[in-house]
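Below is upload_26.pdb, which holds PDB, C-alpha atoms and all ligand atoms.
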```pdb
ATOM      1  CA  MET W   2     -19.408  -2.599 -41.387
ATOM      2  CA  ASN W   3     -20.553  -0.876 -38.192
ATOM      3  CA  ILE W   4     -17.754   0.470 -36.010
ATOM      4  CA  ILE W   5     -19.027   0.847 -32.450
ATOM      5  CA  GLU W   6     -17.683   1.694 -28.988
ATOM      6  CA  SER W   7     -17.053  -1.209 -26.622
ATOM      7  CA  SER W   8     -19.582  -1.336 -23.769
ATOM      8  CA  LEU W   9     -16.683  -1.765 -21.299
ATOM      9  CA  PHE W  10     -13.907   0.679 -20.418
ATOM     10  CA  HIS W  11     -10.861   0.711 -18.136
ATOM     11  CA  ASP W  12      -8.182   3.350 -17.732
ATOM     12  CA  PHE W  13      -6.084   4.460 -14.799
ATOM     13  CA  GLU W  14      -7.852   7.758 -14.203
ATOM     14  CA  LYS W  15     -11.521   6.777 -14.359
ATOM     15  CA  GLY W  16     -11.066   3.104 -13.521
ATOM     16  CA  MET W  17     -13.511   0.560 -14.895
ATOM     17  CA  CYS W  18     -16.858   1.553 -16.399
ATOM     18  CA  GLY W  19     -19.527  -0.655 -17.904
ATOM     19  CA  LYS W  20     -22.998  -1.794 -17.131
ATOM     20  CA  GLU W  21     -22.046  -5.283 -15.948
ATOM     21  CA  MET W  22     -19.537  -4.001 -13.377
ATOM     22  CA  GLN W  23     -19.538  -5.483  -9.836
ATOM     23  CA  LYS W  24     -17.858  -3.839  -6.870
ATOM     24  CA  SER W  25     -17.078  -5.315  -3.469
ATOM     25  CA  ILE W  26     -15.476  -3.519  -0.559
ATOM     26  CA  LYS W  27     -13.720  -5.279   2.301
ATOM     27  CA  LEU W  28     -13.868  -3.317   5.537
ATOM     28  CA  TYR W  29     -11.666  -3.976   8.565
ATOM     29  CA  GLN W  30     -14.655  -5.391  10.455
ATOM     30  CA  ASP W  31     -14.918  -8.126   7.771
ATOM     31  CA  ALA W  32     -11.181  -8.772   7.590
ATOM     32  CA  LYS W  33     -10.160  -8.955  11.263
ATOM     33  CA  ASP W  34      -9.663 -12.713  11.171
ATOM     34  CA  PHE W  35      -7.017 -12.459   8.447
ATOM     35  CA  TYR W  36      -4.519 -10.872  10.841
ATOM     36  CA  ALA W  37      -2.533 -12.171  13.798
ATOM     37  CA  ALA W  38      -3.688  -9.398  16.117
ATOM     38  CA  TYR W  39      -6.704  -7.173  16.560
ATOM     39  CA  ASP W  40      -5.804  -3.494  16.111
ATOM     40  CA  PRO W  41      -7.974  -1.273  18.331
ATOM     41  CA  THR W  42      -6.665   1.877  16.589
ATOM     42  CA  LEU W  43      -8.323   0.906  13.270
ATOM     43  CA  PRO W  44     -11.990   1.885  12.933
ATOM     44  CA  ASN W  45     -14.278  -0.988  11.918
ATOM     45  CA  ASP W  46     -15.264   0.842   8.747
ATOM     46  CA  THR W  47     -11.673   1.262   7.501
ATOM     47  CA  CYS W  48     -11.655   0.265   3.833
ATOM     48  CA  MET W  49      -8.966  -2.405   3.426
ATOM     49  CA  TYR W  50      -9.464  -3.349  -0.225
ATOM     50  CA  GLU W  51     -11.860  -2.978  -3.128
ATOM     51  CA  VAL W  52     -12.430  -5.426  -5.958
ATOM     52  CA  THR W  53     -14.118  -4.178  -9.141
ATOM     53  CA  SER W  54     -14.912  -6.800 -11.767
ATOM     54  CA  PHE W  55     -16.589  -7.579 -15.016
ATOM     55  CA  LEU W  56     -17.908 -11.034 -14.095
ATOM     56  CA  ASP W  57     -19.250 -13.387 -16.716
ATOM     57  CA  PRO W  58     -22.941 -13.715 -15.762
ATOM     58  CA  GLU W  59     -23.016 -17.427 -16.597
ATOM     59  CA  GLY W  60     -19.739 -18.336 -14.866
ATOM     60  CA  ALA W  61     -19.245 -20.629 -17.823
ATOM     61  CA  ALA W  62     -16.127 -22.670 -18.634
ATOM     62  CA  GLY W  63     -14.185 -20.954 -21.401
ATOM     63  CA  HIS W  64     -15.453 -17.508 -20.355
ATOM     64  CA  LEU W  65     -13.234 -14.937 -18.607
ATOM     65  CA  ASN W  66     -13.540 -12.399 -15.804
ATOM     66  CA  TRP W  67     -11.616  -9.131 -15.644
ATOM     67  CA  GLY W  68     -11.041  -7.261 -12.410
ATOM     68  CA  VAL W  69      -8.951  -4.846 -10.429
ATOM     69  CA  SER W  70      -8.007  -5.266  -6.786
ATOM     70  CA  LEU W  71      -7.046  -2.104  -4.925
ATOM     71  CA  LEU W  72      -5.404  -2.589  -1.525
ATOM     72  CA  HIS W  73      -4.890   0.464   0.646
ATOM     73  CA  PRO W  74      -1.616   0.941   2.559
ATOM     74  CA  VAL W  75      -3.012  -0.035   5.956
ATOM     75  CA  LEU W  76      -1.085  -1.769   8.734
ATOM     76  CA  VAL W  77      -2.958  -3.940  11.222
ATOM     77  CA  ASP W  78      -0.853  -3.848  14.372
ATOM     78  CA  GLY W  79       2.195  -3.729  12.061
ATOM     79  CA  GLU W  80       0.962  -6.459   9.699
ATOM     80  CA  CYS W  81       0.622  -5.496   6.021
ATOM     81  CA  ASN W  82      -2.815  -5.267   4.457
ATOM     82  CA  MET W  83      -3.688  -8.328   2.373
ATOM     83  CA  THR W  84      -6.524 -10.085   0.592
ATOM     84  CA  ARG W  85      -8.243 -13.051   2.185
ATOM     85  CA  GLY W  86      -6.518 -15.389  -0.297
ATOM     86  CA  HIS W  87      -7.947 -18.476  -1.917
ATOM     87  CA  PHE W  88      -7.475 -21.605  -3.979
ATOM     88  CA  HIS W  89      -9.715 -21.899  -6.999
ATOM     89  CA  HIS W  90     -12.531 -24.444  -6.669
ATOM     90  CA  ASP W  91     -11.613 -25.677 -10.118
ATOM     91  CA  LEU W  92      -7.872 -26.298  -9.800
ATOM     92  CA  SER W  93      -7.433 -26.410 -13.561
ATOM     93  CA  CYS W  94      -8.132 -22.658 -13.664
ATOM     94  CA  GLU W  95      -5.099 -20.392 -13.857
ATOM     95  CA  GLU W  96      -5.046 -16.620 -13.336
ATOM     96  CA  TYR W  97      -2.987 -13.601 -14.423
ATOM     97  CA  TYR W  98      -2.183 -10.691 -12.095
ATOM     98  CA  TRP W  99      -0.583  -7.522 -13.461
ATOM     99  CA  CYS W 100       0.676  -4.830 -11.099
ATOM    100  CA  ALA W 101      -0.531  -1.423 -12.267
ATOM    101  CA  LYS W 102       0.365   0.690  -9.190
ATOM    102  CA  GLY W 103       2.258   0.417  -5.950
ATOM    103  CA  GLU W 104       4.322  -2.427  -4.599
ATOM    104  CA  GLY W 105       3.698  -5.609  -2.743
ATOM    105  CA  LEU W 106       3.989  -9.350  -2.669
ATOM    106  CA  LEU W 107       1.999 -12.081  -4.339
ATOM    107  CA  MET W 108       2.052 -14.887  -1.762
ATOM    108  CA  LEU W 109       1.604 -18.330  -3.290
ATOM    109  CA  MET W 110       1.125 -21.755  -1.703
ATOM    110  CA  ASP W 111       0.943 -25.173  -3.286
ATOM    111  CA  GLU W 112      -1.288 -28.018  -2.110
ATOM    112  CA  GLN W 113       1.522 -29.428   0.070
ATOM    113  CA  GLY W 114       1.764 -26.135   1.996
ATOM    114  CA  ASN W 115       5.008 -24.913   0.389
ATOM    115  CA  CYS W 116       4.809 -21.136   0.335
ATOM    116  CA  TRP W 117       6.772 -18.428  -1.485
ATOM    117  CA  SER W 118       6.174 -14.923  -2.812
ATOM    118  CA  GLU W 119       6.760 -12.977  -5.990
ATOM    119  CA  LYS W 120       7.694  -9.289  -5.738
ATOM    120  CA  MET W 121       5.130  -6.955  -7.259
ATOM    121  CA  HIS W 122       5.891  -3.501  -8.614
ATOM    122  CA  VAL W 123       4.588  -1.540 -11.554
ATOM    123  CA  GLY W 124       4.606  -3.751 -14.622
ATOM    124  CA  THR W 125       5.244  -7.135 -13.009
ATOM    125  CA  LEU W 126       3.077  -9.849 -14.534
ATOM    126  CA  HIS W 127       2.241 -12.972 -12.550
ATOM    127  CA  HIS W 128       0.992 -16.225 -14.032
ATOM    128  CA  ILE W 129      -0.700 -18.157 -11.232
ATOM    129  CA  HIS W 130      -0.827 -21.938 -11.557
ATOM    130  CA  GLY W 131      -4.278 -23.457 -11.033
ATOM    131  CA  HIS W 132      -3.156 -25.540  -8.039
ATOM    132  CA  HIS W 133      -1.632 -22.589  -6.159
ATOM    133  CA  ALA W 134      -3.419 -20.520  -3.534
ATOM    134  CA  HIS W 135      -2.813 -16.783  -3.942
ATOM    135  CA  ARG W 136      -2.944 -13.701  -1.748
ATOM    136  CA  LEU W 137      -2.036 -10.062  -2.454
ATOM    137  CA  ILE W 138      -0.085  -8.106   0.183
ATOM    138  CA  ASN W 139       0.497  -4.354   0.089
ATOM    139  CA  THR W 140       4.007  -3.687   1.425
ATOM    140  CA  GLY W 141       4.204  -0.134   0.062
ATOM    141  CA  ASN W 142       3.197   3.319   1.242
ATOM    142  CA  GLU W 143       0.552   3.832  -1.460
ATOM    143  CA  ASP W 144      -2.320   1.852  -2.958
ATOM    144  CA  LEU W 145      -1.441  -1.467  -4.561
ATOM    145  CA  GLU W 146      -3.512  -1.826  -7.740
ATOM    146  CA  VAL W 147      -3.558  -5.166  -9.518
ATOM    147  CA  ILE W 148      -5.372  -6.146 -12.709
ATOM    148  CA  CYS W 149      -6.661  -9.727 -12.640
ATOM    149  CA  VAL W 150      -7.877 -12.031 -15.400
ATOM    150  CA  TRP W 151      -9.334 -15.420 -14.448
ATOM    151  CA  PRO W 152     -11.669 -18.070 -15.819
ATOM    152  CA  ALA W 153     -15.322 -17.466 -15.044
ATOM    153  CA  ASN W 154     -15.741 -20.987 -13.629
ATOM    154  CA  ALA W 155     -12.695 -20.823 -11.285
ATOM    155  CA  GLY W 156     -14.615 -20.201  -8.029
ATOM    156  CA  HIS W 157     -13.087 -19.166  -4.691
ATOM    157  CA  ASP W 158     -12.237 -21.902  -2.180
ATOM    158  CA  TYR W 159     -11.702 -19.973   1.059
ATOM    159  CA  ALA W 160     -12.391 -22.952   3.345
ATOM    160  CA  ARG W 161      -9.205 -24.650   2.215
ATOM    161  CA  ILE W 162      -7.162 -21.588   3.238
ATOM    162  CA  GLU W 163      -8.862 -21.484   6.609
ATOM    163  CA  GLU W 164      -8.008 -25.161   7.214
ATOM    164  CA  HIS W 165      -4.444 -24.798   5.871
ATOM    165  CA  PRO W 166      -3.434 -21.141   6.197
ATOM    166  CA  PHE W 167      -0.488 -19.525   4.452
ATOM    167  CA  PRO W 168       2.442 -20.279   6.815
ATOM    168  CA  TYR W 169       3.995 -16.796   6.705
ATOM    169  CA  ARG W 170       2.913 -13.337   7.783
ATOM    170  CA  VAL W 171       4.304 -10.058   6.423
ATOM    171  CA  TYR W 172       4.900  -7.010   8.635
ATOM    172  CA  LYS W 173       6.314  -3.544   8.145
ATOM    173  CA  GLU W 174       8.413  -2.163  10.959
ATOM    174  CA  ASN W 175      10.304   1.144  10.746
ATOM    175  CA  GLY W 176       9.765   1.070   6.989
ATOM    176  CA  GLU W 177      11.272  -2.400   6.609
ATOM    177  CA  VAL W 178       9.328  -5.410   5.313
ATOM    178  CA  ILE W 179       9.672  -8.354   7.689
ATOM    179  CA  VAL W 180       8.448 -11.900   7.036
ATOM    180  CA  ARG W 181       7.676 -14.125  10.009
ATOM    181  CA  ARG W 182       6.629 -17.728  10.169
ATOM    182  CA  ARG W 183       3.070 -17.913  11.416
ATOM    183  CA  LYS W 184       2.508 -19.131  14.952
ATOM    184  CA  ASN W 185      -0.688 -20.912  15.956
ATOM    185  CA  ASP W 186      -2.663 -17.697  16.272
TER     186      ASP W 186
HETATM  187  O1  LIG W 201     -11.257 -12.964  -2.721
HETATM  188  P1  LIG W 201      -9.903 -12.591  -2.141
HETATM  189  O2  LIG W 201      -9.027 -13.765  -1.833
HETATM  190  O3  LIG W 201     -10.019 -11.641  -1.014
HETATM  191  O4  LIG W 201      -9.143 -11.816  -3.295
HETATM  192  C1  LIG W 201      -9.681 -10.633  -3.828
HETATM  193  C2  LIG W 201      -9.834 -10.752  -5.332
HETATM  194  O5  LIG W 201      -8.541 -10.787  -5.899
HETATM  195  C3  LIG W 201      -8.530 -10.851  -7.304
HETATM  196  O6  LIG W 201      -9.163  -9.777  -7.872
HETATM  197  C4  LIG W 201      -9.210 -12.096  -7.752
HETATM  198  O7  LIG W 201      -9.134 -12.300  -9.088
HETATM  199  C5  LIG W 201     -10.618 -12.062  -7.291
HETATM  200  O8  LIG W 201     -11.253 -13.227  -7.727
HETATM  201  C6  LIG W 201     -10.595 -11.976  -5.774
HETATM  202  O9  LIG W 201     -11.886 -12.004  -5.242
END
```

Would you write the structure of this file as structure tokens?
Amino acid sequence: MNIIESSLFHDFEKGMCGKEMQKSIKLYQDAKDFYAAYDPTLPNDTCMYEVTSFLDPEGAAGHLNWGVSLLHPVLVDGECNMTRGHFHHDLSCEEYYWCAKGEGLLMLMDEQGNCWSEKMHVGTLHHIHGHHAHRLINTGNEDLEVICVWPANAGHDYARIEEHPFPYRVYKENGEVIVRRRKND
């Protein structure tokens, strides 16, 4: 029997390593529309979040992706940094999120627009139902790092979130997390 090293690696010092790794970086200039207000104090090239993934090259049903989302502790005119958020194209596809660092909220919304959040802190594990839209929000003062596992054929349906946005926004004011119902912004 040959005993070999795995071609993939992930620890909390070096992060993920492996030849199939993909990395995407979301800058403020690409995320402005997520927030209620434009913040002129934030440079366009501010890094809001980074997603590093091992993506299945075939995107095949039954295959899995592994990734880590890292959200920096940035406020946009007082509003907490967050991912764009999405439904899966294939609503039968669930997802796991595991909080490795920091603190935040996992905002969830069902297809009827009911919205709630789960608290995230180190060790919390979140099982996301296939029919629920999901968004990560960094409410802490350090990076929020979340490990994600999802089916390779899930897909990202962003259009549905743009048509029916999450109905709440999360702010941080004087160190306190404040949730407000979204206005027509
Ligand atoms: O694509 P967003 O809604 O901005 O979320 C950022 C990323 O979060 C997690 O890592 C998901 O598993 C990814 O599929 C997603 O791309």

For this session: Go through the chains and note each residue within 6 Å of ligand LIG 201 (chain W), using all atoms listed in the file, then give the set as a PyMOL selection string.
Result: chain W and resi 52+68-70+84-87+149

Problem set entry | Given the PyMOL selection byres (((chain W and resi 74) around 12) and not hetatm), the residues it picks as a PyMOL selection string | chain W and resi 47-50+71-73+75-77+79-83+102-105+138-146+172-173

Exercise. Can you tell me, as a list of chain:residue names, what residues are no more than 10 Å from W:Ala160 when counting all atoms listed in the file, ignoring any on the same chain fewer than 5 positions away?
Worked result: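 Everything that qualifies: W:His87, W:Phe88, W:His165, W:Pro166.
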
Problem set entry | Evaluate the PyMOL selection byres (((chain W and resi 44) around 12) and not hetatm) and report residues as a PyMOL selection string | chain W and resi 28-33+39-43+45-49+75+77

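The space separating atom CA of W:Tyr169 from atom CA of W:Ser25 comes to 26.1 Å.
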
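Applying the 7 Å criterion to (3.5, -3.1, -10.5) in file coordinates and using all atoms listed in the file, one obtains the residues Trp99, Cys100, Ala101, Lys102, Gly103, Glu104, Met121, His122, Val123, Gly124 and Thr125 of chain W.
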
Problem set entry | From W:Gly114, W:Gly63, W:Gly176, W:Gly16, residue lying nearest W:Ala134 [only C-alpha atoms] |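 When distances to W:Ala134 are compared using only C-alpha atoms, the smallest one comes from W:Gly114.
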
For this session: Find, counting all atoms listed in the file, the residue in W:Ala37, W:Ile162, W:Val147, W:Leu9 that gets nearest to W:Arg183.
Result: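 Smallest distance to W:Arg183 is found for W:Ala37.
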
Taking all listed atoms of stretch 69-81 of chain W, build the axis-aligned box, pad each of the six sides by 8 Å, then write its centre and edge lengths in Å to one decimal as lines of an AutoDock Vina configuration file.
```
center_x = -3.4
center_y = -2.8
center_z = 2.0
size_x = 27.1
size_y = 23.4
size_z = 40.8
```

Seminar exercise, completed: From atom CA of W:Tyr98 to atom CA of W:His128 the spacing works out at 6.7 Å

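What separates atom CA of W:Trp151 from atom CA of W:Phe10 is a distance of 17.8 Å.
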